[in-house]
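Quick notes on the structure that follows.
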Amino acid sequence: MRECLRSYFSKLFAGDLAAFGGPTTEELVAGYIRAEQIALVLRHSLGIMLANACNATVLAMALWNSPDGMIAALWAATVVCGATFLGVKARASRRVAKPQFVSRKSIHRLVRNAFILGGAWAIVPVGFFANAANGGQLVMTCLCAGMLAGGALTFATIPVAAIAFTAPIFVGTAICIGRGGDFVYFLVAILVVVYACVLLRGVFSYSFEFTRRLIAQLEADKAVRQDSLTHLPNRFAFDESLERGLSRLARCGEKFAILLLDLDHFKEVNDQFGHPAGDEFLIQVATRLRRCTREEDTIARIGGDEFALIATNLTKSEEALELAERIVAVFADPFRIDEREITGATSIGIVLAPRDGSTANDLLKHVDVALYRAKKAGPGTIRFFEPGDDASTHERRALQHDLEAAIERNEFFLVYQPFLDLRENRVTGFEALLRWRHPVRGLVPPAEFIPIAEESGLIHSIGEWVIRRACATLSHWPEDVRIAVNFSAVQFENANVLQTVVRALAEAGISPRRFEIEMTESMLISKYGSASSVLKSLLQLGVTVALDDFGTGYSSLTYLRKLPFSRIKIDQSFVRDMLTQPDCAAIVKSVIGLAQDLGIGVVAEGVETKEQLAYLRQTNCVEVQGYLIGRPVLSDQVFALLDQGSRKAEHAA
Ligand code: C2E
Ligand code: MG
Ligand code: MG
C-alpha cells in the first residue's frame, strides 16, 4: 500500500498524467514526454521571469506610500533576484541540446520551484491587501490575476506544476479579498476562484491533448523506424544511427564498426518450409542477435535476410572480429520452428570507421564488398574489407559496363560441345556454351562474366540472345541432333523467357523436343518456388530439361521426383577422380543406376581419357561429354564433328 502511494505521488509530482487518469506509458516514453514538457516550460521561462520581476517592481511602486511600503519593496527585491536567477538558469538550460529523456526528479524540482514562486506571490494579498489603499488593492488584484494566467500558460502541459504555482496565489487572493467585508469584494473573490477553476480546466484539457498527441507521434515515429516483423530498427533507423555515429566520429573521434550480415540459405528455408516458417526463422534470428549485442549497439534488419549492426566505441579490429564470431556462434544451435529443427548460418562483412571510410556511402559500399567476399567463401564466414577489394569491385563494375554493350557490339558467340551416345555410337547433340570476346581483354571465361550478368540482370537479354542463336544454329543440323542451352536461375524469374523460347523455336522451325534446358541443382533448390511455373510450362511445350553438374550442390533427389528431368549430367569432378578414388566411382555408378531406375538419360561430363570412357561404357553410362570426345567448337565445325564423333567412339570401343 505504502509503495503504491509512493509510486502514485512520484508520478503525480513528475507531471505524469496517468496520476490524473490519463494514458499510462512506459518509463522511456514518460521520460520523452517529460523532456518535451520541460522544453516548453523553458521556452516561456525567460518571459515569465521578466514578467515576475516587472510585476514585483510595479507592486513595490504602487505600495511605496502605504504602511507596508518598505516590506513590499523588500519582497519585490527578493522576487526580482529570484526571478533573475531562475531566468538565467533557464536560459543556460535552453542552450544545451534538448535531451531525449528527462528524469522524474527534474520535474519534481520544477514543481517545487513553481510552488515557491507561487508562494511568493501569495504573500502579496496575504501580507499587503488589508493595509493598502483602494488603488493598491486594484493593482494587487490585477497582478495576481495576471500571474494566475501567466502561470497557467507556462505550465500548461504539466497540471501539477500549474496547480503548485497558481493554488497559493488564488487561495491567498480569494481569502484576502473575500475578507474585505464588502459584497463587491466578495464577488471579486468568487470571480478569482471561478477564474482559477476555468484556467486549471484549460490546463488539464490542453495537457491531456498534448500528451496524447506526443504518444501518437511517438508511435508513428516508431512505425517508421521499426521493422514490423522482427521489431528491430529498420533501414531508415539504421541510416539515422549511422549518421549519428559519423557525427560522433567527427566531433569526438569515437570509432565504430559496421557488421553486415546475410543469412545463408534463407531462401531454402522459405522454399522448403513456407513463408510463415521463414518469418518465424527471422524473428528467432532477431531475438538471438539482440541477445548477443550490447545495449548501445544498433542492430537493424535492413532487407529480407540482411541485418546490420553498428557497434559503437570499437577501437580495434579484434574487438569487431570477436563480436562477429559471437554472432556466428549464436547460429550454432538449430532453430525450432513448427516442431522442426532448422539450421541457420550467417556470413558477415565488417568495416571499421574511419579506417575503411568516413562517409556513409563509402562505409556501406565497402561493407557490401566485404560481405560479398564472405558469402563467396561459404556459410558462416567473416571477412573484413580490404583495400584490394575496392580494385576488384572496380574491375567488376568495369566488366559490367562493357557487358552492357556486348550484344550490340556483336562480341558474343556460341561454341558447341558434342554429346556422344555410347549405345548408338553417334553424336546425339551439342551443348551451346557462351563466349565473350572482349575488345581489350580478349576471351573472358563464362565463369567470370555470367555471375556479373546474373547480378546485374543483364542475363535476361544475354540469355535471350543465346536461346535465339542456339535455335537458329540448330535449324541447320540434322533432325536427330539436339541442342542443350545453359540457363541461369534468375532467367526463370522473368516469365518472358517462356515467350522467348516459343518464338525462337517457331522462327527457327524446330521441334521443341530438340531443345534441352540445362540447369544446376543449386539453382533448383534456391529458385524452385518461382522457377517451377515457368519450367512446367516449358516442359508442357515439349522442351526437355537436364540436371547439370549433378552432385555438386545439395541433395536434390526430392526435386528429381518433382520435375520430369530427361537427363542427369554427372559433374566432371566425379568423372575426373572416379578411376583413382573409390568414393567418386561409387557416386558415378550409383547416379547411372539411379537414372536407369528413373528411366531417364545420364551424361558423364568432362571425359578426358580413354580409360575414363572405357570405365563409363562398362558402367552402362548412356552419354558422355568431354575434351576426349570433342572440345567446344564453332558452328561451322559441327558437321565435321558429327561424322568424326561416331568414328572416334568406335575406335575407343
Ligand atoms: P557447364 O554447363 O557445366 O559447362 C561445362 C563446362 O565444362 C564448359 O566450360 C566446358 O568447356 C567445360 N568442359 C567440357 N568438357 C571438359 C573436359 O573434358 N574437361 C574440362 N576440364 N572441362 C570441360 P565453360 O564453357 O567455361 O562453361 C562454364 C560454365 O559456364 C558452364 O558450365 C555453364 O554453367 C556456364 N555457361 C556457359 N554458357 C552459358 C550460357 O549460355 N548461359 C548460362 N547461363 N551459363 C552458361
Ligand atoms: Mg551445362
Ligand atoms: Mg556441367
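By order of appearance in the C-alpha cells: chains A, B, ..., then residues from 1 within every chain, and ligands from 1 in the order shown.
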Expected selection as number ranges by chain for ligand 2 within 9 Å, only C-alpha atoms and all ligand atoms: A: 431-433, 484-487, 517-520, 546-549, 569, 605
Taking only region 409-499 of chain A into account, list the residues labelled helix (DSSP H, G or I) by DSSP (computed from the backbone), as a count of residues only. 36
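With only C-alpha atoms as the atoms that count, the minimum distance from Glu611 (chain A) to the choices A:Val188, A:Ala56, A:Ala377, A:Leu628 is reached by A:Leu628.
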Give the answer as one residue: which of A:Ile459, A:Leu634, A:Ala30, A:Ala604 has the shortest atom-to-atom distance to ligand 3, using only C-alpha atoms and all ligand atoms?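 Of all the options, A:Ala604 lies closest to ligand 3.
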Identify, counting only C-alpha atoms and all ligand atoms, the protein, DNA and RNA residues located within 6 Å of ligand 1, and give them as a list in words. Leu433, Leu434, Pro445, Pro446, Ala447, Val466, Asn486, Phe487, Ser488, Asp549, Gly606, Val607, Glu608, Gly626 and Tyr627 of chain A
In terms of only C-alpha atoms, the residue from A:Leu541, A:Cys54, A:Val602, A:Met49 at minimal distance from Arg567 (chain A) is A:Val602
Polymer residues at most 12 Å from Ala152 (chain A), only C-alpha atoms, same-chain spacing of 4 or more positions, as a PyMOL selection string: chain A and resi 41+44+48+114+118+145-148+156-167+169-170+195-204+206-207
Could you save the residues just selected, with N, CA, C and O atoms, as a compact mmCIF listing (two decimals), in the first residue's frame?
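Saved the output as result.txt:
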# COMPACT_ATOMS: atom_id res chain seq x y z
N VAL A 41 8.29 24.56 -21.07
CA VAL A 41 8.39 25.49 -19.93
C VAL A 41 9.58 26.42 -20.13
O VAL A 41 9.49 27.64 -19.95
N HIS A 44 9.05 29.38 -22.38
CA HIS A 44 8.34 30.56 -21.86
C HIS A 44 9.06 31.17 -20.67
O HIS A 44 8.70 32.26 -20.23
N ILE A 48 8.40 34.81 -18.62
CA ILE A 48 7.62 34.79 -17.37
C ILE A 48 8.46 35.33 -16.21
O ILE A 48 7.95 36.01 -15.32
N ALA A 114 8.03 26.02 -8.81
CA ALA A 114 6.76 26.67 -9.15
C ALA A 114 6.00 27.00 -7.87
O ALA A 114 5.41 28.08 -7.74
N GLY A 118 4.98 30.63 -6.64
CA GLY A 118 3.55 30.88 -6.40
C GLY A 118 3.34 31.36 -4.97
O GLY A 118 2.57 32.29 -4.70
N ALA A 145 -4.20 38.28 -10.73
CA ALA A 145 -4.93 37.65 -11.84
C ALA A 145 -3.98 37.39 -13.00
O ALA A 145 -4.00 36.32 -13.64
N GLY A 146 -3.13 38.36 -13.27
CA GLY A 146 -2.15 38.22 -14.38
C GLY A 146 -1.20 37.07 -14.11
O GLY A 146 -0.89 36.27 -15.00
N MET A 147 -0.74 36.96 -12.85
CA MET A 147 0.20 35.88 -12.51
C MET A 147 -0.48 34.52 -12.65
O MET A 147 0.15 33.54 -13.07
N LEU A 148 -1.76 34.46 -12.28
CA LEU A 148 -2.51 33.20 -12.43
C LEU A 148 -2.53 32.79 -13.90
O LEU A 148 -2.22 31.64 -14.25
N ALA A 156 1.20 24.89 -18.84
CA ALA A 156 0.00 24.34 -19.48
C ALA A 156 0.11 22.84 -19.74
O ALA A 156 -0.90 22.15 -19.81
N THR A 157 1.34 22.31 -19.87
CA THR A 157 1.47 20.87 -20.17
C THR A 157 1.70 20.05 -18.91
O THR A 157 1.73 18.83 -18.97
N ILE A 158 1.93 20.74 -17.76
CA ILE A 158 2.20 20.00 -16.50
C ILE A 158 1.21 20.47 -15.44
O ILE A 158 1.50 21.38 -14.66
N PRO A 159 0.02 19.86 -15.39
CA PRO A 159 -1.01 20.36 -14.46
C PRO A 159 -0.53 20.48 -13.02
O PRO A 159 -0.85 21.45 -12.35
N VAL A 160 0.30 19.53 -12.57
CA VAL A 160 0.69 19.56 -11.16
C VAL A 160 1.54 20.81 -10.88
O VAL A 160 1.44 21.44 -9.81
N ALA A 161 2.36 21.22 -11.85
CA ALA A 161 3.16 22.43 -11.67
C ALA A 161 2.27 23.66 -11.74
O ALA A 161 2.47 24.62 -10.99
N ALA A 162 1.27 23.61 -12.63
CA ALA A 162 0.34 24.74 -12.74
C ALA A 162 -0.41 24.91 -11.42
O ALA A 162 -0.58 26.02 -10.92
N ILE A 163 -0.80 23.76 -10.82
CA ILE A 163 -1.51 23.84 -9.53
C ILE A 163 -0.57 24.38 -8.46
O ILE A 163 -0.93 25.26 -7.67
N ALA A 164 0.67 23.85 -8.46
CA ALA A 164 1.64 24.28 -7.44
C ALA A 164 1.86 25.79 -7.51
O ALA A 164 2.05 26.45 -6.49
N PHE A 165 1.86 26.35 -8.70
CA PHE A 165 2.12 27.77 -8.85
C PHE A 165 0.87 28.61 -8.55
O PHE A 165 0.93 29.60 -7.82
N THR A 166 -0.27 28.17 -9.13
CA THR A 166 -1.45 29.04 -9.03
C THR A 166 -2.22 28.88 -7.71
O THR A 166 -2.80 29.86 -7.23
N ALA A 167 -2.18 27.65 -7.15
CA ALA A 167 -3.00 27.43 -5.95
C ALA A 167 -2.70 28.42 -4.82
O ALA A 167 -3.63 29.05 -4.29
N ILE A 169 -1.55 31.36 -4.99
CA ILE A 169 -1.97 32.72 -5.37
C ILE A 169 -3.49 32.86 -5.28
O ILE A 169 -4.00 33.78 -4.65
N PHE A 170 -4.18 31.90 -5.90
CA PHE A 170 -5.64 32.13 -5.90
C PHE A 170 -6.27 31.88 -4.53
O PHE A 170 -7.19 32.56 -4.12
N TYR A 195 -12.28 32.02 -12.00
CA TYR A 195 -11.22 32.29 -12.95
C TYR A 195 -10.14 31.19 -12.86
O TYR A 195 -9.73 30.58 -13.86
N ALA A 196 -9.72 30.86 -11.63
CA ALA A 196 -8.67 29.84 -11.43
C ALA A 196 -9.17 28.47 -11.89
O ALA A 196 -8.43 27.71 -12.52
N CYS A 197 -10.46 28.18 -11.59
CA CYS A 197 -11.00 26.87 -11.98
C CYS A 197 -11.01 26.73 -13.50
O CYS A 197 -10.64 25.69 -14.05
N VAL A 198 -11.46 27.80 -14.19
CA VAL A 198 -11.51 27.75 -15.66
C VAL A 198 -10.09 27.56 -16.21
O VAL A 198 -9.86 26.74 -17.11
N LEU A 199 -9.15 28.30 -15.62
CA LEU A 199 -7.75 28.18 -16.09
C LEU A 199 -7.23 26.75 -15.93
O LEU A 199 -6.65 26.17 -16.85
N LEU A 200 -7.48 26.17 -14.73
CA LEU A 200 -6.96 24.82 -14.48
C LEU A 200 -7.63 23.78 -15.37
O LEU A 200 -7.01 22.84 -15.84
N ARG A 201 -8.91 24.03 -15.61
CA ARG A 201 -9.61 23.11 -16.52
C ARG A 201 -8.95 23.15 -17.90
O ARG A 201 -8.71 22.13 -18.54
N GLY A 202 -8.66 24.38 -18.31
CA GLY A 202 -7.97 24.56 -19.60
C GLY A 202 -6.62 23.85 -19.60
O GLY A 202 -6.26 23.17 -20.58
N VAL A 203 -5.90 23.98 -18.46
CA VAL A 203 -4.58 23.34 -18.37
C VAL A 203 -4.73 21.82 -18.52
O VAL A 203 -3.99 21.19 -19.27
N PHE A 204 -5.73 21.28 -17.83
CA PHE A 204 -5.91 19.82 -17.89
C PHE A 204 -6.23 19.37 -19.32
O PHE A 204 -5.62 18.44 -19.83
N TYR A 206 -5.67 20.85 -22.11
CA TYR A 206 -4.55 21.05 -23.03
C TYR A 206 -3.47 20.00 -22.81
O TYR A 206 -2.93 19.41 -23.75
N SER A 207 -3.16 19.73 -21.51
CA SER A 207 -2.06 18.80 -21.24
C SER A 207 -2.42 17.37 -21.68
O SER A 207 -1.58 16.64 -22.19
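Neighbouring residues of Ile283 (chain A) at 10 Å or closer, counting only C-alpha atoms and skipping chain neighbours under 4 positions away, are Leu229, Thr230, His231, Leu232, Ala277, Gly278, Asp279, Thr287, Arg288 and Leu289 of chain A.
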Ranking A:Glu411, A:Asp597, A:Asp480, A:Asp571 by minimum distance to ligand 3 and counting only C-alpha atoms and all ligand atoms, which one comes first?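 The answer is A:Asp571, which sits nearest to ligand 3.
Atom to atom, CA of Ser205 (chain A) and CA of Arg34 (chain A) stand 17.1 Å apart.
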Identify which of the residues A:Ile570, A:Leu28, A:Ala257, A:Leu598 lies closest to Arg355 (chain A), counting only C-alpha atoms when measuring atom-to-atom distances.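 Among A:Ile570, A:Leu28, A:Ala257, A:Leu598, it is A:Ala257 that comes nearest to Arg355 (chain A).
Between Ala508 (chain A) and the residues A:Val624, A:Ile462, A:Cys471, A:Ala92, the shortest atom-to-atom distance, using only C-alpha atoms, involves A:Cys471.
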